[in-house]
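Trainee: Got a structure here, written out as structure tokens. Questions coming.
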Amino acid sequence: MRSMTTRRKELPAKAAKKKNLSAIKRTRQTGKRNLRNSAVRSRIKTLSKKVEEAAAQKNKEQLGKLLRDITKAIQSAVSKGVLHKNTASRKVSRLSRLANTVLNAPAAS
């Protein structure tokens with residue numbers, strides 16, 4: 001019976017791999033952009049929740065202010081490349097429609 005140990009052929013030592021500086025820089029930039037973009041998306045989500053909450057409470061003054069704030073934040077995200085323009089348009093449209101149902105509702109007497 002053959003022994004279980006096998007002999008491996010000795011390979012010559014390999015040279016140390018060179019660092020690809022452009023790949024390192026790209027990774028660093030991606031990390032920074034990821035943090036910035038996630039912060040912008042998080043702010044948009046928070047503001048949209050506040051708009052929906054104000055609409056549920058029928059708070060017209062706060063709703064108008066929040067709608068301006070979120071529209072500005074969404075347009076800023078589009079200009080920075082965080083959101084696609086059609087996505088931004090859809091979000092603004094839905095929130096505006098929600099706000100208009102409250103703002104244009106007849107006053108309860």
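Labels for the structure tokens follow display order: chains A, B, ..., residues from 1 in each chain, ligands from 1.
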Which residues are close to Thr101 in chain A, i.e. within 12 Å by only C-alpha atoms, leaving aside same-chain residues fewer than 2 positions away? Reply as a list of chain:residue names.
Mentor: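 Residues meeting the cut-off are A:Glu52, A:Ala55, A:Ala56, A:Lys58, A:Asn59, A:Lys60, A:Leu63, A:Arg94, A:Leu95, A:Ser96, A:Arg97, A:Leu98, A:Ala99, A:Leu103, A:Asn104, A:Ala105, A:Pro106, A:Ala107.
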Trainee: Using DSSP assignments from the backbone, pull out every residue in chain A that falls under alpha helix (DSSP H) and give it to me as a ChimeraX atom specification.
Mentor: /A:21-57,60-80,85-103
Trainee: Set the distance at 10 Å and use only C-alpha atoms: which residues neighbour range 79-88 of chain A once local chain neighbours fewer than 2 positions away are removed? I'd like the list as a list in words.
Mentor: Arg33, Asn34, Arg36, Asn37, Ser38, Val40, Arg41, Thr71, Ala73, Ile74, Gln75, Ser76, Ala77, Arg90, Lys91, Val92 and Ser93 of chain A
Trainee: Under the rule that only C-alpha atoms are counted, which of A:Leu21, A:Leu66, A:Ala15, A:Val78 is the nearest residue to Ala54 in chain A?
Mentor: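 Looking only at the distances to Ala54 in chain A, the closest residue turns out to be A:Leu66.
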Trainee: In Å, how far is it from CA of Ser89 in chain A to CA of Thr46 in chain A?
Mentor: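 Straight-line distance from CA of Ser89 in chain A to CA of Thr46 in chain A works out to 17.6 Å.
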